[in-house]
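Q: What follows is entry.cif; its format and atoms are mmCIF, N, CA and C atoms.
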```cif
data_data
loop_
_atom_site.label_atom_id
_atom_site.label_comp_id
_atom_site.auth_asym_id
_atom_site.auth_seq_id
_atom_site.Cartn_x
_atom_site.Cartn_y
_atom_site.Cartn_z
N MET H 1 -20.88 5.48 32.43
CA MET H 1 -20.14 4.33 31.99
C MET H 1 -20.76 3.74 30.72
N LYS H 2 -22.11 3.67 30.65
CA LYS H 2 -22.77 3.16 29.46
C LYS H 2 -22.46 4.04 28.24
N LEU H 3 -22.38 5.35 28.44
CA LEU H 3 -22.06 6.25 27.34
C LEU H 3 -20.65 5.97 26.82
N PHE H 4 -19.71 5.74 27.73
CA PHE H 4 -18.33 5.43 27.34
C PHE H 4 -18.27 4.15 26.51
N ILE H 5 -18.95 3.11 26.96
CA ILE H 5 -18.95 1.83 26.25
C ILE H 5 -19.62 1.98 24.88
N SER H 6 -20.71 2.71 24.82
CA SER H 6 -21.39 2.93 23.54
C SER H 6 -20.50 3.69 22.57
N THR H 7 -19.82 4.71 23.06
CA THR H 7 -18.93 5.50 22.23
C THR H 7 -17.75 4.66 21.74
N LEU H 8 -17.18 3.86 22.65
CA LEU H 8 -16.06 2.99 22.29
C LEU H 8 -16.49 1.97 21.23
N THR H 9 -17.67 1.40 21.39
CA THR H 9 -18.20 0.43 20.43
C THR H 9 -18.39 1.09 19.06
N LEU H 10 -18.91 2.30 19.04
CA LEU H 10 -19.12 3.02 17.80
C LEU H 10 -17.80 3.31 17.10
N VAL H 11 -16.81 3.77 17.85
CA VAL H 11 -15.50 4.09 17.28
C VAL H 11 -14.83 2.84 16.74
N LEU H 12 -14.83 1.76 17.49
CA LEU H 12 -14.22 0.51 17.03
C LEU H 12 -14.94 -0.05 15.81
N GLY H 13 -16.24 0.00 15.82
CA GLY H 13 -17.01 -0.49 14.67
C GLY H 13 -16.72 0.30 13.41
N THR H 14 -16.61 1.62 13.53
CA THR H 14 -16.29 2.47 12.39
C THR H 14 -14.88 2.19 11.89
N THR H 15 -13.95 2.01 12.81
CA THR H 15 -12.56 1.72 12.42
C THR H 15 -12.46 0.39 11.69
N ILE H 16 -13.12 -0.62 12.17
CA ILE H 16 -13.09 -1.94 11.53
C ILE H 16 -13.74 -1.87 10.15
N ALA H 17 -14.86 -1.18 10.03
CA ALA H 17 -15.55 -1.06 8.75
C ALA H 17 -14.69 -0.30 7.75
N THR H 18 -14.00 0.74 8.20
CA THR H 18 -13.14 1.51 7.31
C THR H 18 -11.95 0.66 6.85
N SER H 19 -11.37 -0.12 7.74
CA SER H 19 -10.25 -0.98 7.38
C SER H 19 -10.68 -2.04 6.37
N ALA H 20 -11.84 -2.61 6.55
CA ALA H 20 -12.33 -3.63 5.63
C ALA H 20 -12.57 -3.02 4.25
N ALA H 21 -13.11 -1.81 4.19
CA ALA H 21 -13.35 -1.15 2.92
C ALA H 21 -12.05 -0.83 2.21
N ALA H 22 -11.02 -0.48 2.95
CA ALA H 22 -9.73 -0.15 2.36
C ALA H 22 -9.06 -1.38 1.75
N ASP H 23 -9.40 -2.58 2.22
CA ASP H 23 -8.82 -3.81 1.70
C ASP H 23 -9.47 -4.26 0.40
N GLU H 24 -10.59 -3.69 0.04
CA GLU H 24 -11.29 -4.09 -1.17
C GLU H 24 -10.57 -3.52 -2.38
N PRO H 25 -10.46 -4.31 -3.46
CA PRO H 25 -9.76 -3.81 -4.64
C PRO H 25 -10.54 -2.71 -5.34
N VAL H 26 -9.82 -1.85 -6.02
CA VAL H 26 -10.44 -0.81 -6.82
C VAL H 26 -10.69 -1.40 -8.20
N CYS H 27 -11.96 -1.46 -8.59
CA CYS H 27 -12.35 -2.02 -9.89
C CYS H 27 -13.30 -1.07 -10.59
N MET H 28 -13.21 -1.03 -11.91
CA MET H 28 -14.14 -0.23 -12.72
C MET H 28 -14.07 -0.72 -14.16
N ALA H 29 -14.93 -0.17 -14.99
CA ALA H 29 -14.91 -0.54 -16.41
C ALA H 29 -13.51 -0.28 -16.96
N THR H 30 -13.04 -1.15 -17.85
CA THR H 30 -11.67 -1.06 -18.36
C THR H 30 -11.37 0.31 -18.97
N GLY H 31 -12.27 0.85 -19.75
CA GLY H 31 -12.07 2.17 -20.36
C GLY H 31 -11.92 3.26 -19.31
N GLU H 32 -12.73 3.18 -18.26
CA GLU H 32 -12.66 4.16 -17.18
C GLU H 32 -11.34 4.03 -16.43
N MET H 33 -10.89 2.79 -16.20
CA MET H 33 -9.62 2.57 -15.49
C MET H 33 -8.46 3.19 -16.26
N LYS H 34 -8.41 2.91 -17.56
CA LYS H 34 -7.32 3.44 -18.38
C LYS H 34 -7.36 4.97 -18.43
N ALA H 35 -8.55 5.54 -18.53
CA ALA H 35 -8.67 7.00 -18.54
C ALA H 35 -8.23 7.59 -17.20
N ALA H 36 -8.59 6.93 -16.10
CA ALA H 36 -8.20 7.42 -14.78
C ALA H 36 -6.69 7.37 -14.60
N LEU H 37 -6.07 6.27 -15.00
CA LEU H 37 -4.62 6.16 -14.87
C LEU H 37 -3.91 7.22 -15.70
N THR H 38 -4.43 7.49 -16.89
CA THR H 38 -3.83 8.49 -17.77
C THR H 38 -4.08 9.90 -17.24
N ASP H 39 -5.33 10.22 -16.94
CA ASP H 39 -5.71 11.59 -16.55
C ASP H 39 -5.26 11.95 -15.14
N TRP H 40 -5.46 11.06 -14.19
CA TRP H 40 -5.18 11.39 -12.79
C TRP H 40 -3.71 11.23 -12.43
N TYR H 41 -3.08 10.19 -12.99
CA TYR H 41 -1.71 9.88 -12.57
C TYR H 41 -0.66 10.06 -13.67
N GLY H 42 -1.10 10.34 -14.89
CA GLY H 42 -0.16 10.51 -15.99
C GLY H 42 0.56 9.22 -16.35
N GLU H 43 -0.07 8.09 -16.07
CA GLU H 43 0.56 6.80 -16.32
C GLU H 43 0.20 6.28 -17.72
N THR H 44 1.14 5.54 -18.29
CA THR H 44 0.92 4.89 -19.58
C THR H 44 1.41 3.45 -19.46
N PRO H 45 0.88 2.55 -20.29
CA PRO H 45 1.31 1.15 -20.20
C PRO H 45 2.76 1.01 -20.67
N VAL H 46 3.53 0.20 -19.96
CA VAL H 46 4.92 -0.03 -20.34
C VAL H 46 5.11 -1.41 -20.94
N GLU H 47 4.07 -2.21 -20.95
CA GLU H 47 4.14 -3.54 -21.56
C GLU H 47 2.75 -3.93 -22.01
N PRO H 48 2.65 -4.82 -22.99
CA PRO H 48 1.33 -5.32 -23.38
C PRO H 48 0.76 -6.22 -22.29
N LYS H 49 -0.52 -6.49 -22.38
CA LYS H 49 -1.14 -7.38 -21.40
C LYS H 49 -0.48 -8.75 -21.46
N SER H 50 -0.31 -9.35 -20.30
CA SER H 50 0.27 -10.70 -20.22
C SER H 50 -0.83 -11.73 -20.46
N ASP H 51 -0.44 -12.99 -20.48
CA ASP H 51 -1.42 -14.06 -20.62
C ASP H 51 -2.43 -14.05 -19.48
N ALA H 52 -2.00 -13.51 -18.33
CA ALA H 52 -2.88 -13.43 -17.16
C ALA H 52 -3.73 -12.16 -17.20
N ARG H 53 -3.68 -11.44 -18.33
CA ARG H 53 -4.44 -10.19 -18.52
C ARG H 53 -3.99 -9.09 -17.57
N GLU H 54 -2.75 -9.14 -17.15
CA GLU H 54 -2.19 -8.09 -16.30
C GLU H 54 -1.37 -7.13 -17.15
N GLN H 55 -1.33 -5.87 -16.71
CA GLN H 55 -0.58 -4.86 -17.44
C GLN H 55 -0.05 -3.83 -16.46
N LEU H 56 1.19 -3.42 -16.66
CA LEU H 56 1.83 -2.43 -15.80
C LEU H 56 1.75 -1.07 -16.46
N TRP H 57 1.32 -0.08 -15.67
CA TRP H 57 1.27 1.32 -16.10
C TRP H 57 2.22 2.10 -15.22
N VAL H 58 2.96 3.05 -15.81
CA VAL H 58 3.97 3.81 -15.08
C VAL H 58 3.94 5.27 -15.52
N SER H 59 4.21 6.17 -14.57
CA SER H 59 4.44 7.57 -14.90
C SER H 59 5.92 7.86 -14.73
N LYS H 60 6.59 8.18 -15.83
CA LYS H 60 8.01 8.49 -15.76
C LYS H 60 8.25 9.83 -15.09
N GLU H 61 7.25 10.71 -15.09
CA GLU H 61 7.39 12.02 -14.47
C GLU H 61 7.28 11.96 -12.94
N THR H 62 6.29 11.22 -12.44
CA THR H 62 6.05 11.20 -10.99
C THR H 62 6.59 9.95 -10.31
N GLY H 63 6.85 8.89 -11.08
CA GLY H 63 7.35 7.65 -10.50
C GLY H 63 6.27 6.74 -9.96
N THR H 64 4.98 7.10 -10.15
CA THR H 64 3.91 6.21 -9.69
C THR H 64 3.78 5.05 -10.67
N TRP H 65 3.28 3.91 -10.16
CA TRP H 65 3.05 2.75 -11.00
C TRP H 65 1.81 2.02 -10.51
N THR H 66 1.15 1.35 -11.44
CA THR H 66 -0.05 0.59 -11.14
C THR H 66 -0.07 -0.68 -11.97
N MET H 67 -0.26 -1.81 -11.32
CA MET H 67 -0.45 -3.09 -12.01
C MET H 67 -1.95 -3.35 -12.02
N ILE H 68 -2.52 -3.53 -13.22
CA ILE H 68 -3.96 -3.77 -13.34
C ILE H 68 -4.20 -5.15 -13.95
N LYS H 69 -5.39 -5.67 -13.70
CA LYS H 69 -5.80 -6.95 -14.29
C LYS H 69 -7.18 -6.78 -14.89
N SER H 70 -7.31 -7.16 -16.16
CA SER H 70 -8.59 -7.05 -16.86
C SER H 70 -9.32 -8.39 -16.80
N PHE H 71 -10.64 -8.31 -16.76
CA PHE H 71 -11.47 -9.50 -16.69
C PHE H 71 -12.41 -9.56 -17.89
N SER H 72 -12.91 -10.73 -18.17
CA SER H 72 -13.76 -10.93 -19.35
C SER H 72 -15.10 -10.20 -19.26
N ASP H 73 -15.48 -9.76 -18.05
CA ASP H 73 -16.74 -9.04 -17.90
C ASP H 73 -16.63 -7.56 -18.25
N GLY H 74 -15.43 -7.12 -18.70
CA GLY H 74 -15.24 -5.73 -19.09
C GLY H 74 -14.73 -4.84 -17.97
N ASN H 75 -14.47 -5.41 -16.81
CA ASN H 75 -13.94 -4.64 -15.69
C ASN H 75 -12.45 -4.88 -15.53
N THR H 76 -11.80 -3.93 -14.90
CA THR H 76 -10.37 -4.01 -14.60
C THR H 76 -10.18 -3.63 -13.14
N CYS H 77 -9.28 -4.34 -12.45
CA CYS H 77 -9.00 -4.06 -11.04
C CYS H 77 -7.53 -3.75 -10.84
N VAL H 78 -7.25 -2.93 -9.83
CA VAL H 78 -5.88 -2.64 -9.45
C VAL H 78 -5.37 -3.82 -8.63
N VAL H 79 -4.25 -4.40 -9.06
CA VAL H 79 -3.64 -5.53 -8.37
C VAL H 79 -2.61 -5.03 -7.36
N ALA H 80 -1.84 -4.02 -7.77
CA ALA H 80 -0.81 -3.43 -6.92
C ALA H 80 -0.53 -2.02 -7.42
N GLN H 81 0.01 -1.20 -6.53
CA GLN H 81 0.36 0.17 -6.93
C GLN H 81 1.43 0.69 -6.00
N GLY H 82 2.11 1.73 -6.44
CA GLY H 82 3.15 2.28 -5.59
C GLY H 82 3.76 3.54 -6.16
N ASP H 83 4.79 4.01 -5.48
CA ASP H 83 5.53 5.20 -5.86
C ASP H 83 6.98 4.82 -6.13
N ASP H 84 7.73 5.78 -6.60
CA ASP H 84 9.17 5.62 -6.77
C ASP H 84 9.54 4.50 -7.73
N TRP H 85 8.85 4.45 -8.87
CA TRP H 85 9.24 3.49 -9.90
C TRP H 85 10.68 3.79 -10.28
N MET H 86 11.51 2.79 -10.32
CA MET H 86 12.94 2.97 -10.56
C MET H 86 13.24 2.88 -12.04
N MET H 87 13.24 4.02 -12.70
CA MET H 87 13.53 4.06 -14.12
C MET H 87 15.01 3.76 -14.34
N GLY H 88 15.30 3.10 -15.43
CA GLY H 88 16.68 2.81 -15.76
C GLY H 88 17.18 1.52 -15.15
N THR H 89 16.41 0.90 -14.27
CA THR H 89 16.82 -0.39 -13.72
C THR H 89 16.30 -1.47 -14.65
N ASP H 90 16.60 -2.68 -14.37
CA ASP H 90 16.17 -3.79 -15.19
C ASP H 90 14.66 -3.98 -15.03
N GLU H 91 13.89 -3.44 -15.97
CA GLU H 91 12.43 -3.48 -15.86
C GLU H 91 11.89 -4.90 -15.89
N ASP H 92 12.53 -5.80 -16.63
CA ASP H 92 12.07 -7.20 -16.66
C ASP H 92 12.17 -7.83 -15.27
N GLN H 93 13.24 -7.53 -14.56
CA GLN H 93 13.41 -8.06 -13.21
C GLN H 93 12.36 -7.49 -12.27
N LEU H 94 12.11 -6.17 -12.37
CA LEU H 94 11.09 -5.54 -11.52
C LEU H 94 9.72 -6.13 -11.79
N LEU H 95 9.39 -6.36 -13.06
CA LEU H 95 8.10 -6.95 -13.39
C LEU H 95 7.97 -8.35 -12.83
N ALA H 96 9.04 -9.12 -12.92
CA ALA H 96 9.03 -10.49 -12.36
C ALA H 96 8.79 -10.46 -10.86
N GLU H 97 9.40 -9.49 -10.17
CA GLU H 97 9.21 -9.38 -8.72
C GLU H 97 7.78 -8.99 -8.37
N LEU H 98 7.17 -8.14 -9.18
CA LEU H 98 5.79 -7.73 -8.93
C LEU H 98 4.83 -8.91 -9.08
N ARG H 99 5.15 -9.81 -9.98
CA ARG H 99 4.24 -10.94 -10.25
C ARG H 99 4.43 -12.10 -9.28
N ASP H 100 5.45 -12.05 -8.44
CA ASP H 100 5.68 -13.15 -7.49
C ASP H 100 4.67 -13.16 -6.38
#
```
Would you mind giving the structure from this file in structure tokens?
A:
Amino acid sequence: MKLFISTLTLVLGTTIATSAAADEPVCMATGEMKAALTDWYGETPVEPKSDAREQLWVSKETGTWTMIKSFSDGNTCVVAQGDDWMMGTDEDQLLAELRD
């Protein structure tokens, strides 16, 4: 019985730690972030940075998209990301919905 409880505690602890790590934002130096989005996902910026230092990157080939935010310390973090970017729709409306 003690072995079962120890194993259960280990499994639950690992699951909770993994979930917490998955909730942490992905951040890196701005140059590295831009290179990763370009090289790994084929994404390019579709708009200039906003006043909030946010910028949307999209791959027209794969439909992936990433909203990033740059900070004054030289790092950039992923704010949101997804698949199935809807090309040909009202991009201004989609951007407004992402920022809500």
Q: Between H:Val26, H:Gly42, H:Val58, H:Gly63, which residue has the minimum interatomic distance to Val79 (chain H), considering all atoms listed in the file?
A: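 For Val79 (chain H), the nearest of the candidates is H:Val26.
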Q: Using only N, CA and C atoms, which residues sit within 6 Å of Met67 (chain H) once same-chain residues fewer than 2 positions away are excluded, as a list in words?
A: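 Answer for this query is Gln55, Leu56, Trp57, Trp65, Lys69, Cys77, Val78, Val79, Ala80 and Gln81 of chain H.
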Q: Could you list, as a list in words, every residue matched by the PyMOL selection byres ((chain H and resi 83) around 8) in this structure?
A: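 Applying the expression gives Thr62, Gly63, Thr64, Trp65, Thr66, Gln81, Gly82, Asp84, Trp85 and Met86 of chain H.
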Q: Using the chain letters and residue numbers of this document, give as a ChimeraX atom specification the residues selected by the PyMOL selection byres ((chain H and resi 75) around 7).
A: /H:27-30,69-74,76-77
